[in-house]
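One file, coords_6.csv, carrying CSV, C-alpha atoms:
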```
chain,number,residue,atom,x,y,z
A,16,MET,CA,29.5,-42.6,39.1
A,17,GLY,CA,29.3,-44.0,35.5
A,18,GLY,CA,30.2,-40.7,34.0
A,19,LEU,CA,26.7,-39.6,33.2
A,20,THR,CA,25.5,-36.0,33.7
A,21,MET,CA,21.9,-35.1,33.8
A,22,GLU,CA,20.8,-33.2,30.6
A,23,GLN,CA,17.7,-32.7,28.5
A,24,ALA,CA,18.3,-35.8,26.4
A,25,PHE,CA,17.5,-38.0,29.4
A,26,VAL,CA,14.2,-36.3,30.2
A,27,GLN,CA,11.1,-38.4,29.5
A,28,ALA,CA,7.9,-36.8,28.3
A,29,PRO,CA,5.5,-36.0,31.2
A,30,GLU,CA,3.2,-39.0,30.5
A,31,HIS,CA,6.1,-41.4,30.6
A,32,ARG,CA,7.9,-40.2,33.7
A,33,PRO,CA,7.9,-42.6,36.7
A,34,LYS,CA,5.7,-42.0,39.7
A,35,PRO,CA,7.5,-41.5,43.1
A,36,THR,CA,6.3,-44.9,44.2
A,37,VAL,CA,5.5,-48.0,42.1
A,38,THR,CA,3.3,-50.8,43.4
A,39,GLU,CA,5.0,-54.2,43.8
A,40,ALA,CA,3.6,-56.7,41.3
A,41,THR,CA,1.4,-59.4,42.6
A,42,GLY,CA,0.5,-62.5,40.6
A,43,ILE,CA,3.7,-62.9,38.6
A,44,LEU,CA,4.4,-66.7,38.7
A,45,VAL,CA,7.5,-68.0,40.4
A,46,ILE,CA,8.2,-71.3,38.7
A,47,ASP,CA,10.4,-74.0,40.2
A,48,LEU,CA,12.2,-75.8,37.3
A,49,SER,CA,14.0,-78.3,39.5
A,50,PRO,CA,11.8,-81.2,38.2
A,51,LEU,CA,13.7,-80.8,34.9
A,52,THR,CA,16.9,-81.8,36.6
A,53,ALA,CA,15.5,-84.5,38.9
A,54,SER,CA,16.6,-88.1,38.2
A,55,ASP,CA,13.0,-89.3,38.5
A,56,THR,CA,11.2,-86.6,36.5
A,57,ASP,CA,8.1,-88.0,34.8
A,58,ALA,CA,6.1,-86.6,31.9
A,59,ALA,CA,3.3,-85.4,34.1
A,60,ALA,CA,5.7,-83.1,36.0
A,61,VAL,CA,7.1,-81.6,32.8
A,62,ASP,CA,3.5,-81.1,31.5
A,63,ALA,CA,2.7,-79.3,34.7
A,64,LEU,CA,5.7,-77.0,34.3
A,65,ALA,CA,4.7,-76.3,30.7
A,66,ALA,CA,1.2,-75.4,31.8
A,67,GLU,CA,2.6,-72.9,34.3
A,68,VAL,CA,4.9,-71.4,31.7
A,69,GLY,CA,1.9,-71.2,29.3
A,70,ALA,CA,-0.3,-69.4,31.8
A,71,ALA,CA,2.4,-66.9,32.7
A,72,SER,CA,3.2,-66.2,29.0
A,73,ARG,CA,-0.5,-65.7,28.3
A,74,ASP,CA,-1.3,-63.6,31.3
A,75,TRP,CA,1.8,-61.5,31.9
A,76,GLY,CA,4.5,-62.2,29.3
A,77,PHE,CA,6.8,-62.5,32.3
A,78,PHE,CA,7.7,-65.1,34.9
A,79,VAL,CA,10.4,-65.8,37.4
A,80,VAL,CA,12.3,-69.1,37.6
A,81,VAL,CA,14.1,-70.8,40.5
A,82,GLY,CA,15.6,-74.2,40.7
A,83,HIS,CA,16.9,-73.5,37.3
A,84,GLY,CA,20.2,-75.5,37.6
A,85,VAL,CA,22.5,-72.6,36.8
A,86,PRO,CA,25.3,-72.9,39.5
A,87,ALA,CA,25.5,-70.0,41.9
A,88,GLU,CA,29.2,-69.8,41.4
A,89,THR,CA,28.7,-69.2,37.6
A,90,VAL,CA,26.5,-66.3,38.3
A,91,ALA,CA,28.8,-64.9,41.0
A,92,ARG,CA,31.8,-65.0,38.7
A,93,ALA,CA,29.9,-63.2,35.9
A,94,THR,CA,28.5,-60.5,38.2
A,95,ALA,CA,32.0,-59.9,39.7
A,96,ALA,CA,33.4,-59.5,36.2
A,97,GLN,CA,30.6,-57.1,35.3
A,98,ARG,CA,31.3,-54.9,38.4
A,99,ALA,CA,35.0,-55.0,37.7
A,100,PHE,CA,34.5,-53.7,34.1
A,101,PHE,CA,32.2,-50.8,35.1
A,102,ALA,CA,34.6,-49.8,37.8
A,103,LEU,CA,37.3,-49.2,35.2
A,104,PRO,CA,38.4,-45.6,34.4
A,105,ALA,CA,36.4,-44.0,31.5
A,106,GLU,CA,39.3,-44.2,29.1
A,107,ARG,CA,39.7,-48.0,29.7
A,108,LYS,CA,36.0,-48.5,28.9
A,109,ALA,CA,36.2,-46.2,25.9
A,110,ALA,CA,38.9,-48.4,24.5
A,111,VAL,CA,36.3,-51.1,23.7
A,112,ARG,CA,33.5,-48.6,22.7
A,113,ARG,CA,31.0,-49.9,20.2
A,114,SER,CA,30.0,-48.2,17.0
A,115,GLU,CA,27.0,-48.2,14.7
A,116,ALA,CA,28.7,-50.6,12.4
A,117,GLU,CA,30.2,-52.8,15.1
A,118,PRO,CA,27.5,-52.9,17.9
A,119,LEU,CA,29.4,-54.9,20.5
A,120,GLY,CA,31.4,-53.5,23.4
A,121,TYR,CA,30.9,-50.5,25.7
A,122,TYR,CA,28.3,-47.7,25.2
A,123,GLU,CA,26.8,-45.0,27.4
A,124,SER,CA,24.5,-43.2,25.0
A,125,GLU,CA,21.8,-45.7,24.1
A,126,HIS,CA,18.3,-44.5,23.3
A,127,THR,CA,14.9,-46.2,23.8
A,128,LYS,CA,11.8,-44.6,22.2
A,129,ASN,CA,14.1,-41.7,21.1
A,130,VAL,CA,15.0,-40.8,24.7
A,131,ARG,CA,18.5,-41.4,26.1
A,132,ASP,CA,18.7,-44.1,28.8
A,133,TRP,CA,20.3,-43.5,32.2
A,134,LYS,CA,22.8,-46.4,32.0
A,135,GLU,CA,26.0,-47.7,30.6
A,136,VAL,CA,26.3,-51.1,28.9
A,137,PHE,CA,28.6,-53.7,27.5
A,138,ASP,CA,27.4,-56.0,24.8
A,139,LEU,CA,28.9,-59.3,23.7
A,140,VAL,CA,28.0,-62.4,21.7
A,141,PRO,CA,28.3,-65.8,23.4
A,142,ARG,CA,30.5,-67.5,20.9
A,143,ASP,CA,33.9,-66.7,19.6
A,144,PRO,CA,34.1,-66.6,16.6
A,145,PRO,CA,30.6,-65.0,16.8
A,146,PRO,CA,27.6,-66.0,14.7
A,147,PRO,CA,28.1,-65.2,11.0
A,148,ALA,CA,26.8,-61.9,9.7
A,149,ALA,CA,26.7,-60.2,6.3
A,150,VAL,CA,28.8,-57.0,6.1
A,151,ALA,CA,27.5,-55.5,2.8
A,152,ASP,CA,25.3,-52.4,2.6
A,153,GLY,CA,26.0,-51.3,6.2
A,154,GLU,CA,24.9,-54.5,7.9
A,155,LEU,CA,26.1,-55.2,11.4
A,156,VAL,CA,29.5,-56.8,12.1
A,157,PHE,CA,29.4,-58.9,15.3
A,158,LYS,CA,32.9,-59.0,16.7
A,159,ASN,CA,33.5,-59.1,20.4
A,160,LYS,CA,35.7,-56.3,21.9
A,161,TRP,CA,37.2,-57.8,25.0
A,162,PRO,CA,38.8,-55.4,27.6
A,163,GLN,CA,42.5,-55.8,28.1
A,164,ASP,CA,44.1,-56.5,31.5
A,165,LEU,CA,40.9,-57.6,33.2
A,166,PRO,CA,41.8,-61.1,34.3
A,167,GLY,CA,39.0,-63.7,34.1
A,168,PHE,CA,36.5,-61.3,32.5
A,169,ARG,CA,36.1,-63.2,29.2
A,170,GLU,CA,36.2,-66.7,30.9
A,171,ALA,CA,33.5,-65.8,33.4
A,172,LEU,CA,31.1,-64.4,30.8
A,173,GLU,CA,31.7,-67.3,28.4
A,174,GLU,CA,30.9,-69.7,31.3
A,175,TYR,CA,27.7,-67.8,32.1
A,176,ALA,CA,26.7,-67.7,28.4
A,177,ALA,CA,26.9,-71.5,28.1
A,178,ALA,CA,24.7,-71.9,31.2
A,179,MET,CA,22.2,-69.4,29.7
A,180,GLU,CA,22.0,-71.2,26.4
A,181,GLU,CA,21.3,-74.5,28.2
A,182,LEU,CA,18.5,-72.8,30.2
A,183,SER,CA,17.1,-71.1,27.1
A,184,PHE,CA,16.5,-74.4,25.3
A,185,LYS,CA,14.8,-75.9,28.4
A,186,LEU,CA,12.5,-72.9,28.4
A,187,LEU,CA,11.9,-73.0,24.7
A,188,GLU,CA,10.8,-76.6,25.0
A,189,LEU,CA,8.4,-75.8,27.8
A,190,ILE,CA,6.9,-73.0,25.7
A,191,ALA,CA,6.5,-75.4,22.7
A,192,ARG,CA,4.9,-78.0,24.9
A,193,SER,CA,2.5,-75.4,26.3
A,194,LEU,CA,1.4,-74.6,22.8
A,195,LYS,CA,0.8,-78.3,22.1
A,196,LEU,CA,3.7,-78.3,19.7
A,197,ARG,CA,6.5,-80.9,19.4
A,198,PRO,CA,8.9,-80.2,22.2
A,199,ASP,CA,11.8,-79.3,19.8
A,200,ARG,CA,9.5,-77.5,17.3
A,201,LEU,CA,11.2,-74.1,17.7
A,202,HIS,CA,14.8,-75.3,18.2
A,203,GLY,CA,15.7,-75.2,14.5
A,204,PHE,CA,15.4,-71.5,14.4
A,205,PHE,CA,18.4,-71.3,16.7
A,206,LYS,CA,21.0,-73.3,14.8
A,207,ASP,CA,22.9,-70.1,14.0
A,208,GLN,CA,22.0,-67.6,16.7
A,209,THR,CA,22.1,-63.8,16.9
A,210,THR,CA,21.9,-64.1,20.7
A,211,PHE,CA,23.8,-61.6,22.8
A,212,ILE,CA,24.4,-60.7,26.4
A,213,ARG,CA,24.2,-57.2,27.8
A,214,LEU,CA,25.9,-56.0,31.0
A,215,ASN,CA,23.9,-53.1,32.4
A,216,HIS,CA,25.1,-50.5,35.0
A,217,TYR,CA,22.6,-47.9,36.2
A,218,PRO,CA,24.4,-45.3,38.3
A,219,PRO,CA,22.6,-43.3,40.9
A,220,CYS,CA,20.5,-40.6,39.1
A,221,PRO,CA,20.1,-37.1,40.4
A,222,SER,CA,16.6,-36.8,38.8
A,223,PRO,CA,14.9,-40.2,39.0
A,224,ASP,CA,11.6,-38.5,38.6
A,225,LEU,CA,12.5,-37.4,35.1
A,226,ALA,CA,14.7,-40.1,33.6
A,227,LEU,CA,14.5,-43.9,33.2
A,228,GLY,CA,17.3,-46.5,33.1
A,229,VAL,CA,15.6,-48.0,30.1
A,230,GLY,CA,12.4,-46.5,28.6
A,231,ARG,CA,9.3,-48.4,27.9
A,232,HIS,CA,9.7,-51.1,25.3
A,233,LYS,CA,9.1,-54.7,24.4
A,234,ASP,CA,11.9,-57.1,23.6
A,235,ALA,CA,12.1,-58.0,19.9
A,236,GLY,CA,13.7,-61.5,20.3
A,237,ALA,CA,12.4,-64.9,21.5
A,238,LEU,CA,13.2,-64.9,25.2
A,239,THR,CA,15.2,-62.7,27.6
A,240,ILE,CA,16.7,-64.3,30.7
A,241,LEU,CA,17.5,-61.5,33.2
A,242,TYR,CA,19.7,-61.6,36.2
A,243,GLN,CA,19.0,-58.5,38.4
A,244,ASP,CA,20.7,-57.6,41.7
A,245,GLU,CA,18.9,-56.9,44.9
A,246,VAL,CA,18.3,-53.2,44.3
A,247,GLY,CA,15.3,-53.6,42.0
A,248,GLY,CA,13.9,-51.3,39.3
A,249,LEU,CA,12.3,-53.5,36.7
A,250,ASP,CA,8.8,-52.4,36.0
A,251,VAL,CA,6.1,-54.2,33.9
A,252,ARG,CA,3.0,-52.6,32.6
A,253,ARG,CA,-0.2,-54.4,33.5
A,254,ARG,CA,-2.5,-55.0,30.6
A,255,SER,CA,-5.8,-53.1,30.5
A,256,SER,CA,-7.5,-56.3,29.5
A,257,ASP,CA,-6.7,-58.0,32.8
A,258,GLY,CA,-8.0,-55.2,35.0
A,259,GLY,CA,-4.6,-53.7,35.5
A,260,GLY,CA,-5.5,-50.5,33.7
A,261,GLY,CA,-2.1,-50.2,32.1
A,262,GLU,CA,-0.5,-49.6,35.5
A,263,TRP,CA,3.3,-49.9,36.0
A,264,VAL,CA,4.2,-52.5,38.7
A,265,ARG,CA,7.6,-53.4,40.1
A,266,VAL,CA,9.1,-56.9,39.8
A,267,ARG,CA,10.6,-57.7,43.2
A,268,PRO,CA,14.1,-59.3,43.0
A,269,VAL,CA,13.9,-63.0,44.2
A,270,PRO,CA,17.2,-64.4,45.4
A,271,GLU,CA,18.9,-67.0,43.1
A,272,SER,CA,16.3,-66.5,40.4
A,273,PHE,CA,16.0,-65.2,36.8
A,274,VAL,CA,13.3,-63.2,35.3
A,275,ILE,CA,12.0,-64.6,32.0
A,276,ASN,CA,10.6,-62.2,29.4
A,277,VAL,CA,8.6,-63.6,26.5
A,278,GLY,CA,9.7,-61.6,23.4
A,279,ASP,CA,7.9,-60.5,20.3
A,280,LEU,CA,9.0,-63.6,18.3
A,281,VAL,CA,7.1,-65.9,20.6
A,282,GLN,CA,4.1,-63.6,20.3
A,283,VAL,CA,4.2,-64.0,16.5
A,284,TRP,CA,5.1,-67.7,16.5
A,285,SER,CA,2.1,-68.3,18.8
A,286,ASN,CA,-0.2,-66.2,16.6
A,287,ASP,CA,-1.0,-64.0,19.6
A,288,ARG,CA,-1.8,-66.7,22.1
A,289,TYR,CA,1.1,-65.3,24.1
A,290,GLU,CA,2.0,-61.6,24.3
A,291,SER,CA,5.3,-59.9,25.0
A,292,ALA,CA,5.1,-57.5,27.9
A,293,GLU,CA,6.0,-53.8,27.9
A,294,HIS,CA,8.6,-53.0,30.5
A,295,ARG,CA,11.0,-50.4,31.6
A,296,VAL,CA,13.7,-49.8,34.2
A,297,SER,CA,13.4,-47.1,36.9
A,298,VAL,CA,16.4,-45.6,38.6
A,299,ASN,CA,17.1,-44.1,42.0
A,300,SER,CA,19.2,-41.4,43.5
A,301,ALA,CA,20.9,-43.5,46.2
A,302,ARG,CA,22.1,-46.8,44.8
A,303,GLU,CA,23.7,-48.1,41.7
A,304,ARG,CA,22.0,-51.1,40.1
A,305,PHE,CA,23.4,-54.0,38.0
A,306,SER,CA,21.5,-56.4,35.7
A,307,MET,CA,22.5,-58.9,33.0
A,308,PRO,CA,20.0,-59.8,30.3
A,309,TYR,CA,20.6,-62.7,27.9
A,310,PHE,CA,18.7,-62.1,24.7
A,311,PHE,CA,18.0,-65.5,23.0
A,312,ASN,CA,17.6,-64.7,19.3
A,313,PRO,CA,17.4,-66.9,16.2
A,314,ALA,CA,19.5,-67.0,13.1
A,315,SER,CA,19.6,-63.8,11.0
A,316,TYR,CA,18.1,-65.7,8.0
A,317,THR,CA,14.9,-66.7,9.9
A,318,MET,CA,11.6,-65.6,8.4
A,319,VAL,CA,9.3,-64.9,11.3
A,320,GLU,CA,5.6,-65.9,11.0
A,321,PRO,CA,3.0,-67.8,13.0
A,322,VAL,CA,3.9,-71.5,13.0
A,323,GLU,CA,1.7,-73.5,10.7
A,324,GLU,CA,0.3,-75.8,13.5
A,325,LEU,CA,-1.2,-72.8,15.2
A,326,VAL,CA,-3.1,-71.3,12.3
A,327,SER,CA,-6.3,-72.5,10.7
A,328,ASP,CA,-9.3,-71.2,8.7
A,329,ASP,CA,-10.9,-70.2,11.9
A,330,ASP,CA,-7.7,-68.6,13.3
A,331,PRO,CA,-5.7,-67.4,10.3
A,332,PRO,CA,-2.2,-65.9,10.5
A,333,ARG,CA,-2.2,-62.5,12.2
A,334,TYR,CA,1.2,-61.4,11.0
A,335,ASP,CA,2.9,-61.1,7.6
A,336,ALA,CA,6.3,-62.9,7.5
A,337,TYR,CA,9.3,-60.7,8.1
A,338,SER,CA,13.1,-61.1,8.1
A,339,TRP,CA,14.5,-61.4,11.6
A,340,GLY,CA,18.0,-60.2,10.3
A,341,GLU,CA,16.6,-57.0,8.8
A,342,PHE,CA,14.4,-56.4,11.8
A,343,PHE,CA,17.2,-57.0,14.3
A,344,SER,CA,19.6,-54.7,12.4
A,345,THR,CA,17.1,-51.9,12.2
A,346,ARG,CA,16.4,-52.1,15.9
A,347,LYS,CA,20.1,-52.2,16.8
A,348,ASN,CA,20.9,-49.2,14.6
A,349,SER,CA,18.2,-47.1,16.2
A,350,ASN,CA,19.9,-47.5,19.6
A,351,PHE,CA,22.6,-45.0,18.5
A,352,LYS,CA,20.6,-42.0,17.6
A,353,LYS,CA,17.3,-40.2,18.0
A,354,LEU,CA,15.0,-41.0,15.1
A,355,SER,CA,12.3,-38.8,13.5
A,356,VAL,CA,9.9,-41.8,13.3
A,357,GLU,CA,8.8,-44.7,15.5
A,358,ASN,CA,11.3,-47.6,15.6
A,359,ILE,CA,10.3,-50.8,13.8
A,360,GLN,CA,7.8,-52.9,15.8
A,361,ILE,CA,6.0,-56.2,15.1
A,362,ALA,CA,2.8,-54.2,14.9
A,363,HIS,CA,4.0,-53.0,11.5
A,364,PHE,CA,3.6,-56.6,10.3
A,365,LYS,CA,0.2,-57.2,11.8
A,366,LYS,CA,-2.5,-58.2,9.3
A,367,THR,CA,-5.8,-56.5,9.1
A,368,LEU,CA,-8.3,-59.3,9.5
A,369,VAL,CA,-11.6,-58.9,7.8
A,370,LEU,CA,-14.5,-60.5,9.6
A,371,ALA,CA,-17.0,-62.3,7.4
```
Produce structure tokens that represent the structure in this file.
Amino acid sequence: MGGLTMEQAFVQAPEHRPKPTVTEATGILVIDLSPLTASDTDAAAVDALAAEVGAASRDWGFFVVVGHGVPAETVARATAAQRAFFALPAERKAAVRRSEAEPLGYYESEHTKNVRDWKEVFDLVPRDPPPPAAVADGELVFKNKWPQDLPGFREALEEYAAAMEELSFKLLELIARSLKLRPDRLHGFFKDQTTFIRLNHYPPCPSPDLALGVGRHKDAGALTILYQDEVGGLDVRRRSSDGGGGEWVRVRPVPESFVINVGDLVQVWSNDRYESAEHRVSVNSARERFSMPYFFNPASYTMVEPVEELVSDDDPPRYDAYSWGEFFSTRKNSNFKKLSVENIQIAHFKKTLVLA
């Protein structure tokens, strides 16, 4: 299923291969966002939510939300469309195959950390026409490739994308509040977005002890909102600093929830008050798995650096400014081939602070 055949390209280095059993994560916050949609919500309730989001962003870089206001019917239509697409014959999926220059559509040969992932994906941008992008000098062209003769596919995903954007801005406001910033302080970065949605299909894998659905990585953008089905497979690495010893733990699927992943941009904007979490996807030999991440990303012209309200003489900027558009393009291009060097990371922009 999925047309994948086990080969050497999928094999992780021994130190990165999953163990036969992964401990279920304990301590990841499940945050009920329903006060945001209540008619009588007061400022104290919102501040309490912001404090929960801040604690989760500081301690884990991950949290789970329920009571989020996204209609169950919207999620059901999107997931049905996802399953219908991946059930198509290989030649139908290949008709909307993406390329290095046009990175939207179907793909089954993505690499993470220079190892091929055991999955097939379909990428799209939420808006049509998509966000503007430069096309000179090999820069990416964002143009959706919609499959033909798949009724309701586009409509279901556009409906889902609209709901995800609304939720994203609610979460962004809570993160700003948790950092003692103006609630809409970060909104301006998202006037022209490079946000995209990915449909993931992880077929049963004959060698789940050797391969990963997605290798270890951190998300480069601001926030990721993840729908995952009941099968499970999302693993997060505990930080050594919190006593976890760098252990991988499994994020248990919670019905009618989304997993929220704090990305590298929030880490930089917060000047390391919050930290994006390293995560991966394990596969299994018995059941296929579906997930749907919404990658909430700013405008390509955004210069990323710690926000000025969070730096001082005592806590100077910990990162040099960098271009999100150039960073994003480099990361996307690296998905297509094995590189001879490490992919670009925010650590490459980390300042060396000299203590007086």
For this session: In Å, rounded to a single decimal, give me how far CA of Val80 (chain A) is from CA of Phe273 (chain A).
Result: 5.4 Å
Problem set entry | For Lys160 (chain A), the nearest of the candidates A:Ser114, A:Ser291, A:Ser183, A:Ser285, counting all atoms listed in the file |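 Of A:Ser114, A:Ser291, A:Ser183, A:Ser285, the one nearest Lys160 (chain A) is A:Ser114, counting all atoms listed in the file.
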For this session: Give the answer as one residue: which of A:Arg304, A:Lys128, A:Lys195, A:Arg346 has the shortest atom-to-atom distance to Ala24 (chain A), using all atoms listed in the file?
Result: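 Nearest to Ala24 (chain A): A:Lys128.
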Exercise. Of the candidates A:Leu194, A:Ala226, A:Val156, A:Leu201, which shows the shortest atom-to-atom distance to Ala116 (chain A), using all atoms listed in the file?
Worked result: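 Closest to Ala116 (chain A) of all the choices is A:Val156.
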Please produce, as CSV, a per-residue contact table for region 154-237 of chain A versus region 75-78 of chain A (criterion: any atom at most 12 Å away, all atoms listed in the file considered), showing the nearest atom pair and its distance in Å to one decimal, sorted by chain then residue number.
```
residue,atom,partner,partner_atom,distance
A:Leu186,CA,A:Phe78,CA,11.2
A:Ile190,CA,A:Gly76,CA,11.6
A:Lys233,CA,A:Gly76,CA,10.1
A:Asp234,CA,A:Gly76,CA,10.6
A:Ala237,CA,A:Gly76,CA,11.4
```
For the interface of region 203-235 of chain A with region 30-44 of chain A (cut-off 12 Å, counting all atoms listed in the file), please tabulate each contacting residue of region 203-235 of chain A alongside its nearest pair of atoms and their separation in Å to one decimal, rows sorted by chain and increasing number, as CSV.
```
residue,atom,partner,partner_atom,distance
A:Ser222,CA,A:Arg32,CA,10.6
A:Pro223,CA,A:Pro33,CA,7.7
A:Asp224,CA,A:Pro33,CA,5.8
A:Leu225,CA,A:Arg32,CA,5.6
A:Ala226,CA,A:Arg32,CA,6.8
A:Leu227,CA,A:Arg32,CA,7.6
A:Gly228,CA,A:Pro33,CA,10.8
A:Val229,CA,A:Pro33,CA,11.5
A:Gly230,CA,A:His31,CA,8.3
A:Arg231,CA,A:His31,CA,8.2
A:His232,CA,A:His31,CA,11.6
```
Problem set entry | Shell around Val266 (chain A) at 8 Å using all atoms listed in the file, local window under 4 positions removed, as a ChimeraX atom specification | /A:39-40,247-251
Seminar exercise, completed: One decimal place gives the CA of Glu293 (chain A)-CA of Ala178 (chain A) separation as 26.2 Å
For this session: Grab the CA of Ala235 (chain A) to CA of Lys134 (chain A) distance for me, in Å with one decimal place.
Result: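 One can read the CA of Ala235 (chain A) to CA of Lys134 (chain A) distance as 19.9 Å.
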Problem set entry | A:Lys185, A:Arg92, A:Arg254, A:Lys158 ranked by distance to Ser49 (chain A), top pick (using only C-alpha atoms) | A:Lys185
Problem set entry | Neighbour residues at most 12 Å from (41.6, -58.1, 34.5) (all atoms listed in the file) as a count of residues only | 21
For this session: Might you pull out every residue within 12 Å of Ala105 (chain A), with only C-alpha atoms counted and same-chain residues fewer than 5 positions away left off, and present them as a VMD selection string?
Result: chain A and resid 16 to 19 100 110 to 112 121 to 123 135
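Proximity ranking of A:Asp57, A:Gly261, A:Val79, A:Tyr316 relative to Asn276 (chain A) places A:Val79 first, based on all atoms listed in the file.
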Exercise. Hey, what's within 6 Å of region 212-219 of chain A if we count all atoms listed in the file and toss same-chain stuff fewer than 4 positions away? As a VMD selection string, please?
Worked result: chain A and resid 16 to 17 134 to 139 299 to 309
Seminar exercise, completed: The residue from A:Pro141, A:Gly236, A:Pro198, A:Pro321 with the smallest atom-to-atom distance to Glu180 (chain A), counting all atoms listed in the file, is A:Pro141
Problem set entry | Test item: which residues lie within 10 Å of (9.1, -65.1, 7.6) counting all atoms listed in the file, as a ChimeraX atom specification | /A:316-322,334-339
For this session: Find the residues near Ser315 (chain A): any atom within 9 Å, counting all atoms listed in the file, skip ones fewer than 6 places away on the same chain, and give them as a PyMOL selection string.
Result: chain A and resi 147-148+207-209+338-341+343
Exercise. Could you name the residues that touch Ile46 (chain A) at 12 Å or less, counting only C-alpha atoms, but leaving out those on the same chain fewer than 6 positions away, as a ChimeraX atom specification?
Worked result: /A:61,63-71,77-83,186,189,269,272-275
